[in-house]
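Written out below as structure tokens is the structure these notes cover.
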Amino acid sequence: MTQKNQPCKRFSLLLLLLFMLGVKVYSIDHYLGANASAVYDFVNADLRQLPSVADSVPRYAAGQSLGYELSLFYELYISSKVLLKFGLGYTKSKTYYSSDFDSFVGPDSNLIKFHSIHNLFSNFSGYYFEPTIKFSPFSSKNFFLNAGVKLSYIPNYNFTRSETITSPDSFFFAGKNKTRLPDQGIESTNPYKISLIVGCAYDIMFDNSKYFLSPEISYSYGYCNPAKSFKVDINTLKLGLSFKVNLNPPPELEKPLALPIPETIPIKKDSVLPEKIVKQYPKYKLSIFGENDGLEVQNPTFRIFETVSSNIPPLLNYIFFDHNNSKLPDRYVCLLPNESNNFNLKSLLSSGTIKTYHNLLNIIALRMKNNPKAKLTIIGCNSGESESNNPSLSAERAETVANYLINIWNIQQNRLIIKSRNLPDKISRLSDSVSASENQRVELFSDQKEILEPVSLVDTSLSYNPAIIRLKIDRSDTDDLRSWSLNLKSSTSFIELARATSPTPLKFDIDFAKIGKIVRNKKALSFSLILNFNDGHQDTVSVHFADEFIKNENTQQNDAKIIEKYSLILFDFNSYTLSDQNNLILQYIRKKIDKPEKIYVHGYTDILGDTEYNLELSKKRAKQTANALISDKISQDIIEIQGYGSSMLLFTNELPEGRFYNRTVNIISISQPKK
């Protein structure tokens with residue numbers, strides 16, 4: 001053993017002795033477990049100390065290592081916050097180092113310079129003993145910080161080295177080889193190694209503190225050079241998972257022994273037999289309140305109201321492309337050939353307007369298959385000068401759309417009419433890149449109006465009364481409480497609302513707008529507070545509340561309404577004129593609306609342009625639409641007009657389709673359900 005490694009071994013033995021002397025034999029809990037870890041080593045080696053490497057080389061070889069460790073361990077509680085852990089395990093790693101530099105050979109008068117890469121491989125396996133201290137710094141008794149040492153015995157530490165010439169091409173080692181294996185038989189030093197360790201772990205408890213699963217992370221700084229002829233520094237990052245068992249779970253209290261009483265000895269009336277000693281735990285109580293507009297009502301009846309409405313957005317007949325690109329953007333839904341057979345419009349019922357639009361090609365293809373006489377015109381366009389007035393780019397975009405319909409949906413090519421041009425017929429302004437991007441598109445037209453008809457969506461919304469359910473917890477927390485959880489239970493399931501190791505809150509608010517769909521149609525709702533104590537004892541406190549589910553679809557209640565939503569689109573930029581497409585949609589809407597009580601017509605714009613101007617433009621769009629709605633079934637008296645301009649954006653303005661869908665008029669029809 002070298003003198004350099006003598007202090008390492010002495011220091012290792014001293015630390016081990018200190019840990020052994022510091023262990024208390026008595027403890028409330030002690031654990032036995034196993035650990036499996038992935039190991040990543042950070043390695044630096046000074047190759048200049050090897051005989052064949054020039055001393056003038058100013059570089060170290062950096063390396064990395066992947067390996068694993070398996071261990072068994074024993075943990076001992078010293079106090080409620082401090083544990084001692086002793087691990088015994090097996091470790092194995094393989095390491096690769098590399099460094100490149102210039103060397104010189106030959107006489108001083110004619111030195112030859114060559115560049116080479118030095119590679120060093122090593123692998124080792126061995127055993128280790130790892131005593132550590134675990135400390136819980138927070139109120140949570142599940143999170144621990146670790147510190148300790150790792151004492152390793154590595155009997156098998158092997159090194160292999162190679163050197164490869166990279167330049168000049170005309171230079172070789174002996175035997176016309178570019179690679180040689182110098183300095184073989186590099187020796188390892190003594191097999192003992194010591195490392196300092198820091199890390200953290202989190203205990204996940206199962207079965208009332210009997211079983212634990214613990215993810216761990218640690219970093220170790222290594223001492224003691226493992227190589228004899230050159231210096232190697234190894235530091236290690238370790239990720240592991242442990243499973244452990246409490247060897248001393250809280251025992252059940254034994255019943256006192258019943259002492260035999262002789263029959264000849266009379267029992268005094270005031271005699272008292274020994275009673276079973278039962279530990280008293282803190283008492284908790286739950287009270288339930290409802291809150292609406294700051295007013296609290298105790299033990300309210302919780303009502304869930306369901307409103308079913310029809311939303312009929314039109315199909316924007318444009319596919320937009322990225323700048324100078326003919327690839328279909330990822331936001332459009334593209335199916336595989338075997339997926340197209342399962343596509344149907346019912347899958348889009350609750351998708352929303354933009355998500356439905358992103359299925360445009362699939363919707364059109366499905367309708368083309370169902371209507372074999374229909375033909376589709378596909379016109380590719382570009383944004384003019386910003387895309388160099390490139391008609392070939394426009395043609396490529398049209399071909400992209402056509403190929404999808406042919407290859408995925410098997411639409412016959414003779415049913416597709418493919419055209420291309422530079423700017424589209426109805427252009428968006430070209431003064432800025434945002435507006436100009438709307439012209440980077442493919443336009444779709446059909447000789448059959450059914451192909452581009454609006455899609456009828458069903459929108460189900462829920463409202464709650466009271467809006468907030470408030471739980472008040474009357475408690476007397478003690479240090480014995482380990483953790484708690486609050487659950488919402490029904491007759492068939494439960495939802496965990498909160499879990500913590502800190503003291504329970506005095507009140508807890510539940511917003512059913514965030515979780516209401518989960519409990520919809522559930523019965524026998526109740527809240528339960530589960531309390532876990534340090535000794536494994538568990539208490540459950542519950543409170544029930546009355547609930548009522550009110551569904552207005554097909555209901556006979558007088559206050560129930562049928563709400564239908566329709567949208568117009570294809571208002572040209574800076575225009576309120578109804579297009580032919582909008583007039584087709586209006587015909588469709590007039591047929592759908594039956595005996596309305598009230599109709600709201602709301603106009604919108606995108607965010608481009610002046611705010612005041614957009615407001616007036618939205619009012620003109622709403623008024624133009626309202627006038628076109630009037631018929632024998634729809635009188636002007638029940639129509640209310642409102643313009644919002646760009647103050648209320650319905651969709652994102654980041655995408656061209658979002659801006660087009662914002663240039664719209666929404667029609668909301670409210671009527672009584674049919675009796």
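Following the order of the structure tokens, chains are lettered A, B, ..., residues in each are numbered from 1, and ligands are numbered from 1.
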
Residues within 7 Å of Ser136 of chain A, please, as a PyMOL selection string. Count only C-alpha atoms; anything in the same chain fewer than 2 positions from it doesn't count.
chain A and resi 81-82+134+138+141+143-145

Residue contacts of Asp447 of chain A (10 Å, only C-alpha atoms) excluding same-chain residues fewer than 2 positions away, as a list in words
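Returned residues: Lys373, Ala374, Lys375, Leu376, Thr377, Phe445, Lys449, Glu450, Ile451 and Leu452 of chain A.
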
Could you turn the residues from that selection into a file that holds N, CA, C and O atoms, as a tab-separated table (two decimals), in the first residue's frame?
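Writing done, so here's result_6.tsv:
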chain	number	residue	atom	x	y	z
A	373	LYS	N	-71.06	11.90	-55.68
A	373	LYS	CA	-71.18	12.78	-56.85
A	373	LYS	C	-70.48	14.12	-56.64
A	373	LYS	O	-70.28	14.87	-57.60
A	374	ALA	N	-70.12	14.44	-55.41
A	374	ALA	CA	-69.54	15.75	-55.12
A	374	ALA	C	-68.12	15.84	-55.65
A	374	ALA	O	-67.36	14.87	-55.63
A	375	LYS	N	-67.76	17.04	-56.09
A	375	LYS	CA	-66.40	17.33	-56.51
A	375	LYS	C	-65.86	18.47	-55.65
A	375	LYS	O	-66.62	19.29	-55.13
A	376	LEU	N	-64.54	18.51	-55.52
A	376	LEU	CA	-63.89	19.49	-54.66
A	376	LEU	C	-62.84	20.25	-55.46
A	376	LEU	O	-62.00	19.63	-56.13
A	377	THR	N	-62.90	21.58	-55.40
A	377	THR	CA	-61.90	22.43	-56.04
A	377	THR	C	-60.88	22.86	-55.00
A	377	THR	O	-61.25	23.39	-53.94
A	445	PHE	N	-63.49	24.56	-52.27
A	445	PHE	CA	-64.86	24.83	-52.71
A	445	PHE	C	-65.44	23.53	-53.28
A	445	PHE	O	-64.72	22.69	-53.81
A	449	LYS	N	-73.29	21.83	-51.65
A	449	LYS	CA	-73.22	22.66	-50.44
A	449	LYS	C	-73.08	21.82	-49.17
A	449	LYS	O	-72.60	22.30	-48.14
A	450	GLU	N	-73.51	20.54	-49.21
A	450	GLU	CA	-73.42	19.70	-48.01
A	450	GLU	C	-71.97	19.47	-47.58
A	450	GLU	O	-71.71	19.18	-46.40
A	451	ILE	N	-71.03	19.57	-48.51
A	451	ILE	CA	-69.63	19.26	-48.19
A	451	ILE	C	-69.05	20.26	-47.19
A	451	ILE	O	-68.24	19.89	-46.33
A	452	LEU	N	-69.46	21.53	-47.26
A	452	LEU	CA	-68.91	22.56	-46.37
A	452	LEU	C	-69.96	23.13	-45.42
A	452	LEU	O	-69.83	24.25	-44.94

Excluding segment 395-404 of chain A and residues on its chain fewer than 3 positions from it, collect all residues at most 12 Å away from it, counting only C-alpha atoms, and give them as a ChimeraX atom specification.
/A:318-329,332-337,340,360-362,364-365,376-382,389-392,407-422,440-444

Tell me, as a PyMOL selection string, which residues lie within 6 Å of Leu529 of chain A, counting only C-alpha atoms; anything in the same chain fewer than 3 positions away does not count.
chain A and resi 485-486+540-541

Could you state the separation of atom CA of Ser71 of chain A and atom CA of Thr95 of chain A in Å, given to one decimal place?
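Spanning atom CA of Ser71 of chain A to atom CA of Thr95 of chain A is a straight-line distance of 21.3 Å.
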
What's around segment 568-579 of chain A at 10 Å? Count only C-alpha atoms, leave out sequence neighbours fewer than 2 positions away in its own chain, and write the answer as a compact mmCIF listing (two decimals) with all heavy atoms, in the first residue's frame.
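Saved result, part.txt, follows:
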# COMPACT_ATOMS: atom_id res chain seq x y z
N ILE A 312 -73.44 25.57 -33.44
CA ILE A 312 -73.30 25.20 -34.84
C ILE A 312 -72.34 26.17 -35.51
O ILE A 312 -72.76 27.16 -36.12
CB ILE A 312 -74.67 25.17 -35.55
CG1 ILE A 312 -75.64 24.28 -34.76
CG2 ILE A 312 -74.53 24.69 -36.98
CD1 ILE A 312 -77.00 24.15 -35.37
N PRO A 313 -71.02 25.95 -35.35
CA PRO A 313 -70.05 26.82 -36.02
C PRO A 313 -69.89 26.43 -37.48
O PRO A 313 -69.98 25.26 -37.83
CB PRO A 313 -68.76 26.57 -35.24
CG PRO A 313 -68.90 25.15 -34.79
CD PRO A 313 -70.37 24.92 -34.54
N PRO A 314 -69.64 27.39 -38.36
CA PRO A 314 -69.40 27.07 -39.76
C PRO A 314 -67.99 26.52 -39.95
O PRO A 314 -67.14 26.63 -39.07
CB PRO A 314 -69.55 28.42 -40.46
CG PRO A 314 -69.14 29.40 -39.41
CD PRO A 314 -69.57 28.83 -38.10
N LEU A 315 -67.76 25.91 -41.11
CA LEU A 315 -66.44 25.42 -41.46
C LEU A 315 -65.71 26.46 -42.28
O LEU A 315 -66.17 26.83 -43.37
CB LEU A 315 -66.55 24.11 -42.26
CG LEU A 315 -66.83 22.84 -41.48
CD1 LEU A 315 -66.88 21.65 -42.44
CD2 LEU A 315 -65.79 22.59 -40.41
N LEU A 316 -64.62 26.96 -41.77
CA LEU A 316 -63.76 27.85 -42.54
C LEU A 316 -63.07 27.01 -43.62
O LEU A 316 -62.36 26.05 -43.30
CB LEU A 316 -62.72 28.49 -41.62
CG LEU A 316 -61.65 29.36 -42.28
CD1 LEU A 316 -62.28 30.53 -43.02
CD2 LEU A 316 -60.66 29.86 -41.24
N ASN A 317 -63.28 27.36 -44.89
CA ASN A 317 -62.83 26.50 -45.99
C ASN A 317 -61.41 26.84 -46.45
O ASN A 317 -61.10 26.78 -47.64
CB ASN A 317 -63.80 26.61 -47.17
CG ASN A 317 -63.93 28.02 -47.72
OD1 ASN A 317 -63.89 28.99 -46.96
ND2 ASN A 317 -64.09 28.16 -49.02
N LYS A 426 -59.71 36.97 -52.60
CA LYS A 426 -60.04 37.91 -51.52
C LYS A 426 -58.87 37.90 -50.54
O LYS A 426 -58.72 36.98 -49.75
CB LYS A 426 -61.34 37.51 -50.83
CG LYS A 426 -62.54 37.55 -51.75
CD LYS A 426 -63.81 37.10 -51.04
CE LYS A 426 -65.01 37.15 -51.98
NZ LYS A 426 -66.26 36.70 -51.32
N ILE A 427 -58.06 38.95 -50.63
CA ILE A 427 -56.81 38.96 -49.86
C ILE A 427 -56.98 39.70 -48.55
O ILE A 427 -57.82 40.59 -48.42
CB ILE A 427 -55.67 39.59 -50.68
CG1 ILE A 427 -55.95 41.08 -50.94
CG2 ILE A 427 -55.45 38.85 -51.98
CD1 ILE A 427 -54.80 41.81 -51.59
N SER A 428 -56.17 39.31 -47.57
CA SER A 428 -55.99 40.11 -46.36
C SER A 428 -54.91 41.14 -46.66
O SER A 428 -54.13 40.98 -47.60
CB SER A 428 -55.57 39.23 -45.19
OG SER A 428 -56.58 38.30 -44.87
N ARG A 429 -54.85 42.18 -45.89
CA ARG A 429 -53.91 43.26 -46.20
C ARG A 429 -52.47 42.75 -46.15
O ARG A 429 -52.15 41.82 -45.43
CB ARG A 429 -54.10 44.42 -45.23
CG ARG A 429 -53.71 44.12 -43.80
CD ARG A 429 -53.99 45.32 -42.90
NE ARG A 429 -53.52 45.07 -41.54
CZ ARG A 429 -53.67 45.94 -40.55
NH1 ARG A 429 -54.28 47.08 -40.75
NH2 ARG A 429 -53.22 45.64 -39.34
N SER A 435 -50.91 39.87 -41.05
CA SER A 435 -52.05 39.83 -41.97
C SER A 435 -51.70 39.06 -43.22
O SER A 435 -52.51 38.29 -43.75
CB SER A 435 -52.49 41.25 -42.32
OG SER A 435 -52.87 41.96 -41.16
N PRO A 454 -72.06 23.76 -41.92
CA PRO A 454 -71.62 23.84 -40.52
C PRO A 454 -71.73 22.48 -39.84
O PRO A 454 -72.47 21.59 -40.27
CB PRO A 454 -72.59 24.85 -39.91
CG PRO A 454 -73.11 25.64 -41.06
CD PRO A 454 -73.15 24.69 -42.23
N TYR A 566 -75.26 29.71 -33.04
CA TYR A 566 -74.85 29.63 -34.44
C TYR A 566 -73.82 30.73 -34.70
O TYR A 566 -73.83 31.77 -34.06
CB TYR A 566 -76.03 29.82 -35.39
CG TYR A 566 -77.23 28.95 -35.08
CD1 TYR A 566 -78.21 29.37 -34.19
CD2 TYR A 566 -77.38 27.71 -35.70
CE1 TYR A 566 -79.31 28.58 -33.91
CE2 TYR A 566 -78.48 26.92 -35.42
CZ TYR A 566 -79.45 27.35 -34.52
OH TYR A 566 -80.52 26.57 -34.24
N GLN A 581 -71.64 32.37 -48.94
CA GLN A 581 -71.52 31.32 -47.93
C GLN A 581 -72.32 31.67 -46.68
O GLN A 581 -73.00 30.82 -46.10
CB GLN A 581 -70.04 31.11 -47.57
CG GLN A 581 -69.77 30.05 -46.52
CD GLN A 581 -69.93 28.64 -47.06
OE1 GLN A 581 -70.17 28.45 -48.25
NE2 GLN A 581 -69.82 27.66 -46.19
N ASN A 582 -72.26 32.95 -46.25
CA ASN A 582 -73.03 33.38 -45.09
C ASN A 582 -74.53 33.27 -45.33
O ASN A 582 -75.30 32.91 -44.44
CB ASN A 582 -72.67 34.81 -44.71
CG ASN A 582 -71.39 34.88 -43.89
OD1 ASN A 582 -71.05 33.95 -43.20
ND2 ASN A 582 -70.68 35.99 -44.00
N ASN A 583 -74.98 33.60 -46.54
CA ASN A 583 -76.41 33.48 -46.85
C ASN A 583 -76.87 32.04 -46.81
O ASN A 583 -78.00 31.75 -46.39
CB ASN A 583 -76.69 34.11 -48.22
CG ASN A 583 -76.67 35.64 -48.16
OD1 ASN A 583 -77.17 36.23 -47.21
ND2 ASN A 583 -76.08 36.27 -49.17
N LEU A 584 -76.00 31.10 -47.23
CA LEU A 584 -76.34 29.68 -47.10
C LEU A 584 -76.49 29.27 -45.64
O LEU A 584 -77.40 28.52 -45.27
CB LEU A 584 -75.27 28.83 -47.79
CG LEU A 584 -75.24 28.84 -49.32
CD1 LEU A 584 -74.04 28.06 -49.83
CD2 LEU A 584 -76.53 28.26 -49.89
N ILE A 585 -75.58 29.79 -44.81
CA ILE A 585 -75.66 29.49 -43.37
C ILE A 585 -76.92 30.08 -42.77
O ILE A 585 -77.59 29.45 -41.94
CB ILE A 585 -74.39 30.00 -42.66
CG1 ILE A 585 -73.15 29.25 -43.16
CG2 ILE A 585 -74.52 29.84 -41.15
CD1 ILE A 585 -71.86 29.79 -42.64
N LEU A 586 -77.29 31.28 -43.17
CA LEU A 586 -78.51 31.91 -42.65
C LEU A 586 -79.75 31.11 -43.03
O LEU A 586 -80.70 30.99 -42.24
CB LEU A 586 -78.61 33.35 -43.14
CG LEU A 586 -77.70 34.35 -42.42
CD1 LEU A 586 -77.67 35.67 -43.17
CD2 LEU A 586 -78.17 34.56 -40.99
N ILE A 589 -79.87 28.33 -40.63
CA ILE A 589 -80.27 28.75 -39.28
C ILE A 589 -81.78 29.00 -39.22
O ILE A 589 -82.44 28.61 -38.25
CB ILE A 589 -79.48 30.01 -38.87
CG1 ILE A 589 -77.99 29.66 -38.70
CG2 ILE A 589 -80.02 30.60 -37.58
CD1 ILE A 589 -77.11 30.86 -38.46
N GLY A 603 -71.87 40.84 -32.68
CA GLY A 603 -70.83 40.98 -33.68
C GLY A 603 -69.45 41.12 -33.07
O GLY A 603 -69.29 41.68 -31.98
N THR A 605 -64.87 41.29 -34.08
CA THR A 605 -63.79 41.47 -35.05
C THR A 605 -62.52 40.82 -34.50
O THR A 605 -62.49 40.39 -33.34
CB THR A 605 -63.49 42.97 -35.31
OG1 THR A 605 -62.90 43.54 -34.14
CG2 THR A 605 -64.75 43.73 -35.68
N ASP A 606 -61.47 40.82 -35.34
CA ASP A 606 -60.17 40.39 -34.81
C ASP A 606 -59.51 41.59 -34.13
O ASP A 606 -60.09 42.67 -34.00
CB ASP A 606 -59.29 39.80 -35.92
CG ASP A 606 -59.01 40.79 -37.03
OD1 ASP A 606 -58.93 42.01 -36.75
OD2 ASP A 606 -58.87 40.36 -38.19
N LEU A 608 -56.78 43.18 -35.13
CA LEU A 608 -56.07 44.08 -36.03
C LEU A 608 -56.86 45.36 -36.24
O LEU A 608 -58.08 45.34 -36.36
CB LEU A 608 -55.82 43.39 -37.38
CG LEU A 608 -55.05 42.07 -37.33
CD1 LEU A 608 -54.96 41.45 -38.71
CD2 LEU A 608 -53.66 42.29 -36.76
N GLY A 609 -56.17 46.49 -36.29
CA GLY A 609 -56.84 47.75 -36.59
C GLY A 609 -57.20 48.55 -35.35
O GLY A 609 -56.94 48.16 -34.21
N TYR A 613 -62.86 51.75 -34.45
CA TYR A 613 -63.32 51.35 -35.79
C TYR A 613 -63.83 49.91 -35.76
O TYR A 613 -64.87 49.59 -36.37
CB TYR A 613 -62.17 51.49 -36.79
CG TYR A 613 -62.58 51.16 -38.21
CD1 TYR A 613 -63.14 52.13 -39.03
CD2 TYR A 613 -62.40 49.88 -38.71
CE1 TYR A 613 -63.52 51.83 -40.33
CE2 TYR A 613 -62.77 49.57 -40.01
CZ TYR A 613 -63.33 50.55 -40.83
OH TYR A 613 -63.70 50.25 -42.10
N ASN A 614 -63.12 49.03 -35.06
CA ASN A 614 -63.55 47.64 -34.96
C ASN A 614 -64.89 47.51 -34.27
O ASN A 614 -65.71 46.66 -34.62
CB ASN A 614 -62.49 46.82 -34.20
CG ASN A 614 -61.29 46.50 -35.06
OD1 ASN A 614 -61.36 46.55 -36.27
ND2 ASN A 614 -60.17 46.18 -34.42
N LEU A 617 -67.51 48.38 -36.77
CA LEU A 617 -67.59 47.33 -37.77
C LEU A 617 -68.36 46.12 -37.24
O LEU A 617 -69.17 45.52 -37.96
CB LEU A 617 -66.17 46.91 -38.17
CG LEU A 617 -66.04 45.79 -39.21
CD1 LEU A 617 -66.71 46.18 -40.52
CD2 LEU A 617 -64.57 45.44 -39.44
N SER A 618 -68.13 45.77 -35.96
CA SER A 618 -68.85 44.62 -35.38
C SER A 618 -70.34 44.89 -35.27
O SER A 618 -71.16 44.00 -35.46
CB SER A 618 -68.26 44.28 -34.01
OG SER A 618 -68.53 45.30 -33.06
N LYS A 619 -70.72 46.16 -34.96
CA LYS A 619 -72.15 46.50 -34.89
C LYS A 619 -72.80 46.38 -36.26
O LYS A 619 -73.94 45.91 -36.40
CB LYS A 619 -72.31 47.90 -34.33
CG LYS A 619 -71.94 48.04 -32.86
CD LYS A 619 -72.09 49.48 -32.38
CE LYS A 619 -71.71 49.62 -30.91
NZ LYS A 619 -71.80 51.03 -30.45
N LYS A 620 -72.10 46.83 -37.30
CA LYS A 620 -72.64 46.74 -38.66
C LYS A 620 -72.81 45.28 -39.08
O LYS A 620 -73.79 44.92 -39.73
CB LYS A 620 -71.71 47.46 -39.64
CG LYS A 620 -71.70 48.97 -39.47
CD LYS A 620 -70.70 49.62 -40.43
CE LYS A 620 -70.66 51.15 -40.25
NZ LYS A 620 -69.68 51.80 -41.14
N ARG A 621 -71.86 44.42 -38.70
CA ARG A 621 -71.99 42.99 -39.02
C ARG A 621 -73.21 42.38 -38.31
O ARG A 621 -73.95 41.60 -38.91
CB ARG A 621 -70.71 42.25 -38.61
CG ARG A 621 -69.52 42.53 -39.50
CD ARG A 621 -68.23 41.90 -38.98
NE ARG A 621 -67.13 42.07 -39.94
CZ ARG A 621 -65.88 41.77 -39.70
NH1 ARG A 621 -65.52 41.29 -38.51
NH2 ARG A 621 -64.95 41.95 -40.63
N ALA A 622 -73.40 42.76 -37.04
CA ALA A 622 -74.55 42.23 -36.28
C ALA A 622 -75.86 42.72 -36.88
O ALA A 622 -76.83 41.96 -37.01
CB ALA A 622 -74.42 42.63 -34.82
N LYS A 623 -75.94 44.01 -37.23
CA LYS A 623 -77.17 44.58 -37.79
C LYS A 623 -77.50 43.96 -39.14
O LYS A 623 -78.66 43.63 -39.43
CB LYS A 623 -77.03 46.09 -37.92
CG LYS A 623 -78.32 46.79 -38.35
CD LYS A 623 -78.15 48.30 -38.34
CE LYS A 623 -79.45 48.99 -38.73
NZ LYS A 623 -79.32 50.47 -38.73
N GLN A 624 -76.50 43.79 -40.01
CA GLN A 624 -76.70 43.18 -41.32
C GLN A 624 -77.24 41.76 -41.16
O GLN A 624 -78.13 41.32 -41.89
CB GLN A 624 -75.39 43.17 -42.09
CG GLN A 624 -75.52 42.88 -43.57
CD GLN A 624 -75.82 44.14 -44.37
OE1 GLN A 624 -76.22 45.15 -43.80
NE2 GLN A 624 -75.65 44.08 -45.67
N THR A 625 -76.71 41.03 -40.20
CA THR A 625 -77.15 39.65 -39.96
C THR A 625 -78.57 39.61 -39.41
O THR A 625 -79.39 38.77 -39.82
CB THR A 625 -76.18 38.96 -39.00
OG1 THR A 625 -74.86 39.00 -39.54
CG2 THR A 625 -76.57 37.52 -38.75
N ALA A 628 -81.16 40.05 -42.03
CA ALA A 628 -81.30 38.87 -42.88
C ALA A 628 -82.02 37.73 -42.17
O ALA A 628 -82.51 36.81 -42.84
CB ALA A 628 -79.92 38.41 -43.36
N ARG A 659 -58.04 34.42 -36.26
CA ARG A 659 -58.46 35.77 -36.68
C ARG A 659 -59.70 35.69 -37.57
O ARG A 659 -60.61 36.52 -37.46
CB ARG A 659 -57.30 36.46 -37.39
CG ARG A 659 -56.13 36.75 -36.47
CD ARG A 659 -55.11 37.67 -37.12
NE ARG A 659 -54.37 37.04 -38.20
CZ ARG A 659 -53.32 36.27 -38.03
NH1 ARG A 659 -52.86 36.01 -36.81
NH2 ARG A 659 -52.67 35.74 -39.07
N PHE A 660 -59.77 34.71 -38.47
CA PHE A 660 -60.96 34.56 -39.32
C PHE A 660 -62.19 34.24 -38.48
O PHE A 660 -63.27 34.79 -38.71
CB PHE A 660 -60.73 33.46 -40.36
CG PHE A 660 -60.21 33.98 -41.67
CD1 PHE A 660 -58.85 34.00 -41.92
CD2 PHE A 660 -61.07 34.46 -42.64
CE1 PHE A 660 -58.35 34.48 -43.12
CE2 PHE A 660 -60.59 34.94 -43.85
CZ PHE A 660 -59.23 34.96 -44.09
N TYR A 661 -62.04 33.33 -37.50
CA TYR A 661 -63.19 32.96 -36.68
C TYR A 661 -63.61 34.10 -35.75
O TYR A 661 -64.72 34.12 -35.25
CB TYR A 661 -62.90 31.69 -35.88
CG TYR A 661 -63.25 30.43 -36.62
CD1 TYR A 661 -62.26 29.62 -37.15
CD2 TYR A 661 -64.57 30.06 -36.80
CE1 TYR A 661 -62.57 28.45 -37.84
CE2 TYR A 661 -64.90 28.90 -37.48
CZ TYR A 661 -63.90 28.10 -38.01
OH TYR A 661 -64.23 26.96 -38.70
N ASN A 662 -62.73 35.07 -35.49
CA ASN A 662 -63.12 36.25 -34.72
C ASN A 662 -63.89 37.26 -35.56
O ASN A 662 -64.59 38.11 -35.01
CB ASN A 662 -61.87 36.92 -34.14
CG ASN A 662 -61.43 36.30 -32.83
OD1 ASN A 662 -62.24 36.02 -31.97
ND2 ASN A 662 -60.14 36.04 -32.69
N ARG A 663 -63.76 37.21 -36.88
CA ARG A 663 -64.53 38.10 -37.77
C ARG A 663 -65.89 37.46 -37.99
O ARG A 663 -66.20 36.95 -39.07
CB ARG A 663 -63.80 38.29 -39.09
CG ARG A 663 -62.43 38.93 -38.95
CD ARG A 663 -61.62 38.78 -40.23
NE ARG A 663 -60.21 39.11 -39.99
CZ ARG A 663 -59.22 38.73 -40.78
NH1 ARG A 663 -59.46 37.99 -41.85
NH2 ARG A 663 -57.97 39.06 -40.49
N THR A 664 -66.70 37.47 -36.97
CA THR A 664 -67.90 36.64 -37.00
C THR A 664 -69.08 37.34 -36.36
O THR A 664 -68.95 38.41 -35.74
CB THR A 664 -67.63 35.30 -36.29
OG1 THR A 664 -68.71 34.41 -36.53
CG2 THR A 664 -67.48 35.49 -34.79
N VAL A 665 -70.23 36.71 -36.48
CA VAL A 665 -71.45 37.10 -35.76
C VAL A 665 -72.00 35.84 -35.12
O VAL A 665 -72.17 34.82 -35.80
CB VAL A 665 -72.50 37.72 -36.71
CG1 VAL A 665 -73.84 37.83 -36.00
CG2 VAL A 665 -72.05 39.10 -37.17
N ASN A 666 -72.23 35.90 -33.82
CA ASN A 666 -72.85 34.79 -33.10
C ASN A 666 -74.34 35.04 -32.96
O ASN A 666 -74.77 36.14 -32.62
CB ASN A 666 -72.24 34.62 -31.72
CG ASN A 666 -70.94 33.84 -31.77
OD1 ASN A 666 -70.61 33.26 -32.79
ND2 ASN A 666 -70.21 33.83 -30.68
N ILE A 667 -75.11 33.99 -33.21
CA ILE A 667 -76.57 34.06 -33.06
C ILE A 667 -76.95 33.08 -31.97
O ILE A 667 -76.66 31.88 -32.07
CB ILE A 667 -77.27 33.70 -34.38
CG1 ILE A 667 -76.83 34.66 -35.49
CG2 ILE A 667 -78.79 33.74 -34.22
CD1 ILE A 667 -77.24 34.22 -36.87

Residue neighbourhood Asp539 of chain A, 12 Å, only C-alpha atoms, exclusion window fewer than 2 positions, as a list in words:
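Neighbouring residues, sequence-local ones excluded: Asn208, Gln280, Tyr281, Pro282, Lys283, Tyr284, Lys285, Leu481, Arg482, Ser483, Trp484, Ser485, Ser528, Leu529, Ile530, Leu531, Asn532, Phe533, Gly536, His537, Val541 and Ser542 of chain A.
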
Taking into account only C-alpha atoms, which residue in the set A:Ser93, A:Ser99, A:Ser671, A:Thr160 is nearest to Ser125 of chain A?
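When distances to Ser125 of chain A are compared using only C-alpha atoms, the smallest one comes from A:Ser93.
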
Do you have the atom CA of Asp580 of chain A-atom CA of Gln636 of chain A distance handy?
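For atom CA of Asp580 of chain A relative to atom CA of Gln636 of chain A, the distance reads 22.7 Å.
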